[in-house]
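Remarks on the structure that follows.
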Amino acid sequence: MSFLRLLPIFILLFALTGPAPAAGHGPSGALPPDTLAAEPAVTHLIYLPVMPNRLASGYKSPFGIVMYTAVGDEAGQAKMRAAGAHWITTDLNWIDVEPNPPVGNVHTYSWTSLDVDAANAQLAGNEVYVLINRNPTWASAYLSGPLTNTAHLVAFATAAVERYDGDGVNDAPGHPIIRYWSFYAEPDNGDVGAALHGKGYWGHNPGGYADMLMQVSPAMHAANPQTKVLIGGVAYDSFEPGGPFVRSFLGNTLAALGNAAAVNYIDAIAFHYYPINLGTWPSIREKGLEIRGIMNAHGVGQLELVVPEMGYWSAESNGSNELTQARTLVQMYVKGISIGISHLDWYAVFDDGGGMEAHGLFSNNNLNQPKQAYSAYKTLATTLYGLNYNRTFYISGGEAYVFRAPDGREVVVAWATASSATAQLLGGCWRKTDLLGGAATVIGDGAGGDADGHVNGQVGVALTQNHPIYIAACN
């Protein structure tokens, strides 16, 4: 695998400046604005590798959650919204909406389930990402594979877009809006056994998948120009031989769509990430950059990149625990955001089972039993609310990522990669917030908590291996 590595140009000093904060607003549980404020003329003693500045003028939250089957408070929506989730990935099974074939050109749909989910999401202020999946038996030999007549899918998808476009015509009750639509779960699957259990089955048929998109996408965009059509989240992992997924599927699909002309049919690229191949991709960052490289090679590098599924287990039987899951969650989000992934949805609220399926943020399907990962998610999403990724900097034996608000306020997310490390920051006062939240610890120059122990115009913040913390200048 080739993976873009940036060669650091080390700089001894650089300034982080920002005006004193004005009163602001954030979701319940967010740190007060003054906690995030950078002091005027504060200088960090750090080494800075050259990185692109990704500061955007607006703010679009990257934090989401997967809620397949149902969206609502019983499924954890209120808990996740309180934790700062702004996106919901859910599914729309065609077989449930149209179990019977059309009579002539007359299609009969039952939208009840998605009507409820979309209304619940809208009331909570969540944006919805929909995975269209599971074909009716009359439309396809496989639940999520090639179709006998793509025109039926075009009719179905167009009707769905019209129902959830909020224009007041043939809308669902309450006029909920859904803009993001993707097709089939991990369509790069090429294994018939997995296809029989509902996985996508287009891995060896990228031309057929592209042809499907070339038919369905124009109709969806015509129904609502704000619609975003996506290739279903590719697994891009566990490749053949030995695994079910076809490495060449994404590139071949883009080629079949006309390379740069693919932007006429798709609006974003989606992939899934689970840390199961750390030797190939040590983190989501490396995998995301490889997929971005494929996009660039086919002339669509400007498209949005999203992760509608990612997760990590808490099961001790598989070498993890609740704290490891919590730490990994924060690192995955921070590294994903740092390469420009626009939103990342954690899988899921509840565990899918034991072992490596124990990805959930709550134990025993019980919303009264949050795991440490839930606290870590809430601390991350509320601390970084309103801030965009700005840059990274070098710490010997550690990693640090800087997020900045439009008014110049900054938060550093940092952890040690070695057994320990120290972030040496110029200035007289810094505040540290732990991975799991709680009250911020104030660290003054030469006071308790200052790792160098001297009054010298700088504060040393001790870092623990793989344990992210948040650092911001005091007022």
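Residue numbering restarts at 1 in every chain; chains get A, B, ... in the order shown in the structure tokens, and ligands count up from 1 in that same order.
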Subject >> Which of range 225-367 of chain A fall in alpha helix (DSSP H), as a PyMOL selection string >> reply: chain A and resi 249-256+284-297+322-338
**OP:** Find the residues around Ala223 in chain A up to 7 Å (only C-alpha atoms counted), leave out those fewer than 5 positions away in its own chain, and share them as a ChimeraX atom specification.
**Re:** /A:158,161-162
Go ahead and dump the residues you just picked, N, CA and C atoms, as a short mmCIF file (atom, residue, chain, number, x, y, z; two decimals), in the first residue's frame.
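Dumped to selection-v2.cif:
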data_model
loop_
_atom_site.label_atom_id
_atom_site.label_comp_id
_atom_site.auth_asym_id
_atom_site.auth_seq_id
_atom_site.Cartn_x
_atom_site.Cartn_y
_atom_site.Cartn_z
N THR A 158 -37.03 7.63 -6.47
CA THR A 158 -37.59 8.95 -6.78
C THR A 158 -38.77 9.28 -5.89
N VAL A 161 -37.37 10.28 -2.47
CA VAL A 161 -36.83 11.65 -2.46
C VAL A 161 -37.95 12.66 -2.44
N GLU A 162 -38.99 12.45 -3.25
CA GLU A 162 -40.12 13.39 -3.29
C GLU A 162 -40.83 13.45 -1.95
#
**OP:** Write out as a PyMOL selection string each polymer residue whose atoms come within 12 Å of range 112-116 of chain A, counting only C-alpha atoms; drop sequence neighbours fewer than 2 positions from it.
**Re:** chain A and resi 68-73+90-94+96-98+109-110+118-123+128-132+160-161+163-164+171-178
What are the nearest atom pairs, with distances in Å to one decimal, for all residues of range 272-339 of chain A that come at most 10 Å from range 380-400 of chain A, using only C-alpha atoms, set out by chain and rising residue number as JSON lines?
{"residue": "A:Leu329", "atom": "CA", "partner": "A:Leu380", "partner_atom": "CA", "distance": 9.4}
{"residue": "A:Val330", "atom": "CA", "partner": "A:Leu380", "partner_atom": "CA", "distance": 6.8}
{"residue": "A:Gln331", "atom": "CA", "partner": "A:Glu399", "partner_atom": "CA", "distance": 10.0}
{"residue": "A:Tyr333", "atom": "CA", "partner": "A:Leu380", "partner_atom": "CA", "distance": 8.7}
{"residue": "A:Val334", "atom": "CA", "partner": "A:Tyr389", "partner_atom": "CA", "distance": 8.6}
{"residue": "A:Lys335", "atom": "CA", "partner": "A:Tyr389", "partner_atom": "CA", "distance": 9.9}
{"residue": "A:Ile337", "atom": "CA", "partner": "A:Tyr389", "partner_atom": "CA", "distance": 6.8}
{"residue": "A:Ser338", "atom": "CA", "partner": "A:Tyr389", "partner_atom": "CA", "distance": 6.0}
{"residue": "A:Ile339", "atom": "CA", "partner": "A:Tyr389", "partner_atom": "CA", "distance": 9.0}
Original post:
Counting only C-alpha atoms, what is within 10 Å of Gly354 in chain A, bar same-chain residues fewer than 4 positions away, as a list in words?
Top reply: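 What passes the distance filter is Trp313, Ser314, Ala315, Glu316, Ser317, Asn318, Ala358 and His359 of chain A.
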Subject >> Residues near Met295 in chain A, cut-off 10 Å, only C-alpha atoms, skip fewer than 4 positions along chain, as a ChimeraX atom specification >> reply: /A:250-251,254,259-260,269,289-291,299-303,305
Go ahead and save the residues from that selection, with N, CA, C and O atoms, as a PDB file, in the first residue's frame.
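The file below, result-v9.pdb, is the result:
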ATOM      1  N   LEU A 250     -14.159   0.093  -6.084  1.00  0.00           N
ATOM      2  CA  LEU A 250     -14.384   1.532  -6.056  1.00  0.00           C
ATOM      3  C   LEU A 250     -13.782   2.196  -7.289  1.00  0.00           C
ATOM      4  O   LEU A 250     -14.455   2.980  -7.982  1.00  0.00           O
ATOM      5  N   GLY A 251     -12.525   1.895  -7.565  1.00  0.00           N
ATOM      6  CA  GLY A 251     -11.887   2.507  -8.728  1.00  0.00           C
ATOM      7  C   GLY A 251     -12.575   2.141 -10.026  1.00  0.00           C
ATOM      8  O   GLY A 251     -12.770   2.988 -10.912  1.00  0.00           O
ATOM      9  N   LEU A 254     -15.865   4.059 -10.391  1.00  0.00           N
ATOM     10  CA  LEU A 254     -15.636   5.439 -10.803  1.00  0.00           C
ATOM     11  C   LEU A 254     -15.257   5.509 -12.280  1.00  0.00           C
ATOM     12  O   LEU A 254     -15.705   6.413 -13.010  1.00  0.00           O
ATOM     13  N   ASN A 259     -15.017   8.456 -14.759  1.00  0.00           N
ATOM     14  CA  ASN A 259     -13.963   9.140 -14.005  1.00  0.00           C
ATOM     15  C   ASN A 259     -14.436  10.524 -13.565  1.00  0.00           C
ATOM     16  O   ASN A 259     -15.351  10.616 -12.767  1.00  0.00           O
ATOM     17  N   ALA A 260     -13.854  11.598 -14.095  1.00  0.00           N
ATOM     18  CA  ALA A 260     -14.255  12.931 -13.642  1.00  0.00           C
ATOM     19  C   ALA A 260     -15.736  13.195 -13.869  1.00  0.00           C
ATOM     20  O   ALA A 260     -16.369  13.959 -13.131  1.00  0.00           O
ATOM     21  N   ILE A 269     -18.427  10.146  -1.473  1.00  0.00           N
ATOM     22  CA  ILE A 269     -17.948   8.770  -1.365  1.00  0.00           C
ATOM     23  C   ILE A 269     -18.022   8.363   0.101  1.00  0.00           C
ATOM     24  O   ILE A 269     -17.617   9.125   0.988  1.00  0.00           O
ATOM     25  N   LEU A 289      -6.960   8.294   3.619  1.00  0.00           N
ATOM     26  CA  LEU A 289      -6.061   8.874   2.629  1.00  0.00           C
ATOM     27  C   LEU A 289      -5.900   7.958   1.419  1.00  0.00           C
ATOM     28  O   LEU A 289      -5.768   8.439   0.284  1.00  0.00           O
ATOM     29  N   GLU A 290      -5.909   6.651   1.633  1.00  0.00           N
ATOM     30  CA  GLU A 290      -5.823   5.734   0.494  1.00  0.00           C
ATOM     31  C   GLU A 290      -7.066   5.845  -0.382  1.00  0.00           C
ATOM     32  O   GLU A 290      -6.980   5.870  -1.619  1.00  0.00           O
ATOM     33  N   ILE A 291      -8.222   5.930   0.238  1.00  0.00           N
ATOM     34  CA  ILE A 291      -9.454   6.075  -0.543  1.00  0.00           C
ATOM     35  C   ILE A 291      -9.483   7.428  -1.238  1.00  0.00           C
ATOM     36  O   ILE A 291      -9.882   7.529  -2.412  1.00  0.00           O
ATOM     37  N   GLY A 299     -10.245  11.506 -10.765  1.00  0.00           N
ATOM     38  CA  GLY A 299     -10.736  12.834 -11.052  1.00  0.00           C
ATOM     39  C   GLY A 299     -11.890  13.319 -10.204  1.00  0.00           C
ATOM     40  O   GLY A 299     -12.553  14.298 -10.567  1.00  0.00           O
ATOM     41  N   VAL A 300     -12.137  12.667  -9.061  1.00  0.00           N
ATOM     42  CA  VAL A 300     -13.255  13.087  -8.211  1.00  0.00           C
ATOM     43  C   VAL A 300     -12.782  13.394  -6.786  1.00  0.00           C
ATOM     44  O   VAL A 300     -13.539  13.260  -5.827  1.00  0.00           O
ATOM     45  N   GLY A 301     -11.548  13.829  -6.650  1.00  0.00           N
ATOM     46  CA  GLY A 301     -10.990  14.100  -5.334  1.00  0.00           C
ATOM     47  C   GLY A 301     -11.672  15.228  -4.586  1.00  0.00           C
ATOM     48  O   GLY A 301     -11.520  15.350  -3.373  1.00  0.00           O
ATOM     49  N   GLN A 302     -12.451  16.042  -5.315  1.00  0.00           N
ATOM     50  CA  GLN A 302     -13.148  17.156  -4.668  1.00  0.00           C
ATOM     51  C   GLN A 302     -14.428  16.734  -3.979  1.00  0.00           C
ATOM     52  O   GLN A 302     -15.026  17.522  -3.230  1.00  0.00           O
ATOM     53  N   LEU A 303     -14.876  15.502  -4.178  1.00  0.00           N
ATOM     54  CA  LEU A 303     -16.126  15.060  -3.574  1.00  0.00           C
ATOM     55  C   LEU A 303     -15.999  14.918  -2.061  1.00  0.00           C
ATOM     56  O   LEU A 303     -14.927  14.629  -1.525  1.00  0.00           O
ATOM     57  N   LEU A 305     -16.213  13.245   1.532  1.00  0.00           N
ATOM     58  CA  LEU A 305     -15.883  11.913   2.020  1.00  0.00           C
ATOM     59  C   LEU A 305     -16.560  11.720   3.367  1.00  0.00           C
ATOM     60  O   LEU A 305     -16.410  12.548   4.270  1.00  0.00           O
TER      61      LEU A 305
END
Original post:
For Asp188 in chain A, which of A:Pro244, A:Gly453, A:Pro136, A:Gly166 is the closest residue, counting only C-alpha atoms?
Top reply: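 The closest residue to Asp188 in chain A is A:Pro244.
Minimum distance to Gln465 in chain A across A:Gln226, A:Thr433, A:Thr328, A:Asn149 (counting only C-alpha atoms) occurs at A:Thr328.
When CA of Gln215 in chain A is paired with CA of Gly198 in chain A, their separation reads 22.6 Å.
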Subject >> Among the residues A:Trp430, A:Val413, A:Thr441, A:Asp165, the one that comes closest to Tyr470 in chain A [using only C-alpha atoms] >> reply: A:Val413
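Counting only C-alpha atoms, Val192 in chain A has the following residues at most 8 Å away, ignoring those fewer than 3 positions along the same chain: Ala195, Leu196 and Tyr201 of chain A.
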**OP:** Could you give me, as a PyMOL selection string, the residues within 8 Å of Tyr236 in chain A, counting only C-alpha atoms and dropping anything in the same chain fewer than 3 positions from it?
**Re:** chain A and resi 188+239+245-247+271-272
**OP:** Report the residues of range 88-261 of chain A whose backbone DSSP state falls under strand (DSSP E), written as a count of residues only.
**Re:** 24
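Picture a line from CA of Ile276 in chain A to CA of Ala418 in chain A; it runs 21.7 Å.
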Subject >> Nearest to Pro218 in chain A by atom-to-atom distance, counting only C-alpha atoms, from A:Val263, A:Gly279, A:Asn126, A:Asn364 >> reply: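 Checking each of A:Val263, A:Gly279, A:Asn126, A:Asn364 against Pro218 in chain A, counting only C-alpha atoms, the winner is A:Val263.
Reported to one decimal place, the separation of CA of Gly360 in chain A from CA of Gln372 in chain A is 10.5 Å.
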